[in-house]
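This report refers to the structure that appears directly beneath it.
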Amino acid sequence: MFLCSYYQNNMKRAVLFDMDGVLYDSMGNHAVAWVQSMKKFGITMTTDDAYATEGARGVDTIRYMVKQQQGREITEEESQLMYDEKTRIFHSLPEAPIMPGILSLMEQIDAAGIGIGVVTGSGQRPLIQRILRDFGKYVSPEHIVTAYDVKRGKPHPDPYLMGLQKAGHLQPSEAIVVENAPLGVRAGVAAGIYTIAVNTGPLADKVLLDAGANILFPTMIALSDSWKEVLSKL
């Protein structure tokens, strides 16, 4: 395959995207669902909490919140029942739109012969089906990592290490991570992968940079517009 000159000396073989807040402008809906669902179980969860814990497996977030507020350990099964209520509320809300700029970015990546994967802490199967519906031209099922693929979610490196495996048993130096949340940034960095932060939420830029992001963009459109320049410098 012929590659444009700015790609020819580049060794990147895959870009691994987070889902919520990266592929979809969905974090507002997730925040509403978290706040409402946890209230039913006597857990106080704020919008800031939802953004701060984004990227972790939902069951892990719930177990953490229960331990912090109620001082008790719960099983993953009990946590899953609570997460099911969060999922129910989320899917009752209007469908979140595709993040502006993501399709043009994927088009550039695909045109360069670089693979695309998705690494999400979500275990909601309807959302995975939506990825294939909206991005099936660029993403195949075997290149999606979900909460069911790992025992330790973000900020542990496990999800992105699994993403490397699914991308073709790649080395960390052969991939790029695109994240919008501090836990996700920490996971990408812990996996040894060059990690781009895109601040699509309300958190301060400093939070993402302090998590270890190599570079930060204010929007996905800005990243798409700068993609050739970013890749040429890696």
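Chains: A, B, ... in order of the structure tokens. Residues: from 1 per chain. Ligands: from 1, in order shown.
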Contacts of Glu142 of chain A within 12 Å, only C-alpha atoms, excl. fewer than 6 positions in-chain, as a ChimeraX atom specification:
/A:115-119,128,132,136,149,162-168
Please dump the current selection as a PDB file, in the first residue's frame; keep N, CA, C and O atoms.
```pdb
ATOM      1  N   GLY A 115      -4.195   0.555  11.831  1.00  0.00           N
ATOM      2  CA  GLY A 115      -5.377  -0.087  12.389  1.00  0.00           C
ATOM      3  C   GLY A 115      -6.035   0.748  13.471  1.00  0.00           C
ATOM      4  O   GLY A 115      -5.409   1.631  14.082  1.00  0.00           O
ATOM      5  N   ILE A 116      -7.309   0.477  13.725  1.00  0.00           N
ATOM      6  CA  ILE A 116      -8.082   1.200  14.730  1.00  0.00           C
ATOM      7  C   ILE A 116      -8.722   0.203  15.685  1.00  0.00           C
ATOM      8  O   ILE A 116      -9.347  -0.778  15.252  1.00  0.00           O
ATOM      9  N   GLY A 117      -8.553   0.448  16.987  1.00  0.00           N
ATOM     10  CA  GLY A 117      -9.186  -0.372  18.005  1.00  0.00           C
ATOM     11  C   GLY A 117      -9.927   0.507  18.993  1.00  0.00           C
ATOM     12  O   GLY A 117      -9.727   1.723  19.045  1.00  0.00           O
ATOM     13  N   VAL A 118     -10.794  -0.108  19.773  1.00  0.00           N
ATOM     14  CA  VAL A 118     -11.542   0.594  20.824  1.00  0.00           C
ATOM     15  C   VAL A 118     -11.296  -0.125  22.137  1.00  0.00           C
ATOM     16  O   VAL A 118     -11.386  -1.360  22.202  1.00  0.00           O
ATOM     17  N   VAL A 119     -10.984   0.645  23.173  1.00  0.00           N
ATOM     18  CA  VAL A 119     -10.720   0.084  24.504  1.00  0.00           C
ATOM     19  C   VAL A 119     -11.611   0.817  25.496  1.00  0.00           C
ATOM     20  O   VAL A 119     -11.372   1.974  25.830  1.00  0.00           O
ATOM     21  N   ILE A 128     -21.618  -1.582  22.403  1.00  0.00           N
ATOM     22  CA  ILE A 128     -20.645  -2.220  21.526  1.00  0.00           C
ATOM     23  C   ILE A 128     -21.245  -2.397  20.135  1.00  0.00           C
ATOM     24  O   ILE A 128     -20.580  -2.176  19.116  1.00  0.00           O
ATOM     25  N   LEU A 132     -20.107  -0.772  16.192  1.00  0.00           N
ATOM     26  CA  LEU A 132     -20.031  -1.464  14.907  1.00  0.00           C
ATOM     27  C   LEU A 132     -20.982  -0.833  13.891  1.00  0.00           C
ATOM     28  O   LEU A 132     -20.686  -0.779  12.699  1.00  0.00           O
ATOM     29  N   GLY A 136     -18.247   0.760  11.769  1.00  0.00           N
ATOM     30  CA  GLY A 136     -17.917  -0.543  11.229  1.00  0.00           C
ATOM     31  C   GLY A 136     -16.972  -0.505  10.042  1.00  0.00           C
ATOM     32  O   GLY A 136     -16.297  -1.499   9.750  1.00  0.00           O
ATOM     33  N   ASP A 149     -13.213  -8.296  29.018  1.00  0.00           N
ATOM     34  CA  ASP A 149     -11.941  -8.833  28.535  1.00  0.00           C
ATOM     35  C   ASP A 149     -10.823  -8.777  29.573  1.00  0.00           C
ATOM     36  O   ASP A 149      -9.767  -9.373  29.363  1.00  0.00           O
ATOM     37  N   MET A 162      -4.345  -5.422  26.524  1.00  0.00           N
ATOM     38  CA  MET A 162      -5.224  -6.305  25.753  1.00  0.00           C
ATOM     39  C   MET A 162      -5.495  -5.711  24.374  1.00  0.00           C
ATOM     40  O   MET A 162      -5.575  -6.439  23.374  1.00  0.00           O
ATOM     41  N   GLY A 163      -5.627  -4.386  24.310  1.00  0.00           N
ATOM     42  CA  GLY A 163      -5.819  -3.728  23.022  1.00  0.00           C
ATOM     43  C   GLY A 163      -4.656  -3.974  22.086  1.00  0.00           C
ATOM     44  O   GLY A 163      -4.843  -4.195  20.881  1.00  0.00           O
ATOM     45  N   LEU A 164      -3.438  -3.967  22.624  1.00  0.00           N
ATOM     46  CA  LEU A 164      -2.255  -4.275  21.814  1.00  0.00           C
ATOM     47  C   LEU A 164      -2.305  -5.700  21.290  1.00  0.00           C
ATOM     48  O   LEU A 164      -1.946  -5.963  20.136  1.00  0.00           O
ATOM     49  N   GLN A 165      -2.735  -6.612  22.151  1.00  0.00           N
ATOM     50  CA  GLN A 165      -2.825  -8.010  21.724  1.00  0.00           C
ATOM     51  C   GLN A 165      -3.845  -8.178  20.601  1.00  0.00           C
ATOM     52  O   GLN A 165      -3.592  -8.830  19.588  1.00  0.00           O
ATOM     53  N   LYS A 166      -5.004  -7.549  20.781  1.00  0.00           N
ATOM     54  CA  LYS A 166      -6.057  -7.683  19.773  1.00  0.00           C
ATOM     55  C   LYS A 166      -5.703  -6.971  18.472  1.00  0.00           C
ATOM     56  O   LYS A 166      -6.232  -7.317  17.407  1.00  0.00           O
ATOM     57  N   ALA A 167      -4.812  -5.998  18.559  1.00  0.00           N
ATOM     58  CA  ALA A 167      -4.396  -5.267  17.356  1.00  0.00           C
ATOM     59  C   ALA A 167      -3.349  -6.029  16.556  1.00  0.00           C
ATOM     60  O   ALA A 167      -2.927  -5.572  15.497  1.00  0.00           O
ATOM     61  N   GLY A 168      -2.918  -7.170  17.077  1.00  0.00           N
ATOM     62  CA  GLY A 168      -1.923  -7.966  16.351  1.00  0.00           C
ATOM     63  C   GLY A 168      -0.672  -8.221  17.139  1.00  0.00           C
ATOM     64  O   GLY A 168       0.418  -8.325  16.568  1.00  0.00           O
TER      65      GLY A 168
END
```
Which segment 47-94 of chain A residues have any atom within 12 Å of an atom of segment 196-220 of chain A, and for each, what is the nearest pair of atoms with distance in Å to one decimal, counting only C-alpha atoms, rows sorted by chain and number, as a tab-separated table?
```
residue	atom	partner	partner_atom	distance
A:Thr47	CA	A:Pro202	CA	9.7
A:Asp48	CA	A:Leu203	CA	8.2
A:Asp49	CA	A:Leu203	CA	10.8
A:Ala50	CA	A:Gly201	CA	10.8
A:Tyr51	CA	A:Gly201	CA	7.6
A:Ala52	CA	A:Leu203	CA	8.1
A:Thr53	CA	A:Leu203	CA	11.6
A:Glu54	CA	A:Gly201	CA	10.6
```
Grab the residues selected above and save them as a short mmCIF file (atom, residue, chain, number, x, y, z; two decimals), in the first residue's frame with N, CA, C and O atoms.
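The file below, selection-v8.cif, is the result:
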```
data_model
loop_
_atom_site.label_atom_id
_atom_site.label_comp_id
_atom_site.auth_asym_id
_atom_site.auth_seq_id
_atom_site.Cartn_x
_atom_site.Cartn_y
_atom_site.Cartn_z
N THR A 47 -21.83 14.58 39.61
CA THR A 47 -21.39 14.64 38.21
C THR A 47 -19.87 14.61 38.13
O THR A 47 -19.29 13.93 37.27
N ASP A 48 -19.20 15.33 39.03
CA ASP A 48 -17.74 15.32 39.05
C ASP A 48 -17.20 13.92 39.30
O ASP A 48 -16.19 13.51 38.71
N ASP A 49 -17.86 13.17 40.19
CA ASP A 49 -17.45 11.78 40.45
C ASP A 49 -17.54 10.95 39.18
O ASP A 49 -16.66 10.12 38.90
N ALA A 50 -18.61 11.16 38.42
CA ALA A 50 -18.80 10.38 37.19
C ALA A 50 -17.68 10.65 36.20
O ALA A 50 -17.15 9.71 35.58
N TYR A 51 -17.29 11.91 36.06
CA TYR A 51 -16.20 12.23 35.13
C TYR A 51 -14.86 11.74 35.65
O TYR A 51 -14.01 11.28 34.89
N ALA A 52 -14.65 11.87 36.97
CA ALA A 52 -13.36 11.49 37.54
C ALA A 52 -13.11 9.99 37.47
O ALA A 52 -11.96 9.55 37.39
N THR A 53 -14.19 9.18 37.51
CA THR A 53 -14.03 7.73 37.49
C THR A 53 -14.30 7.14 36.11
O THR A 53 -14.28 5.92 35.94
N GLU A 54 -14.53 8.00 35.13
CA GLU A 54 -14.79 7.52 33.78
C GLU A 54 -13.64 6.65 33.28
O GLU A 54 -12.47 6.96 33.50
#
```
Between A:Ile89, A:Ile193, A:Val178, A:Leu127, which is the closest to Leu105 of chain A once you count only C-alpha atoms?
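Closest candidate: A:Val178.
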Among listed residues A:Pro126, A:Pro97, A:Gly184, A:Pro172, nearest Val15 of chain A (using only C-alpha atoms):
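Once distances to Val15 of chain A are computed over only C-alpha atoms, the minimum belongs to A:Pro172.
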Just give me the gap between atom CA of Tyr83 of chain A and atom CA of Arg57 of chain A in Å, one decimal is fine.
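We find that atom CA of Tyr83 of chain A and atom CA of Arg57 of chain A lie 9.9 Å from each other.
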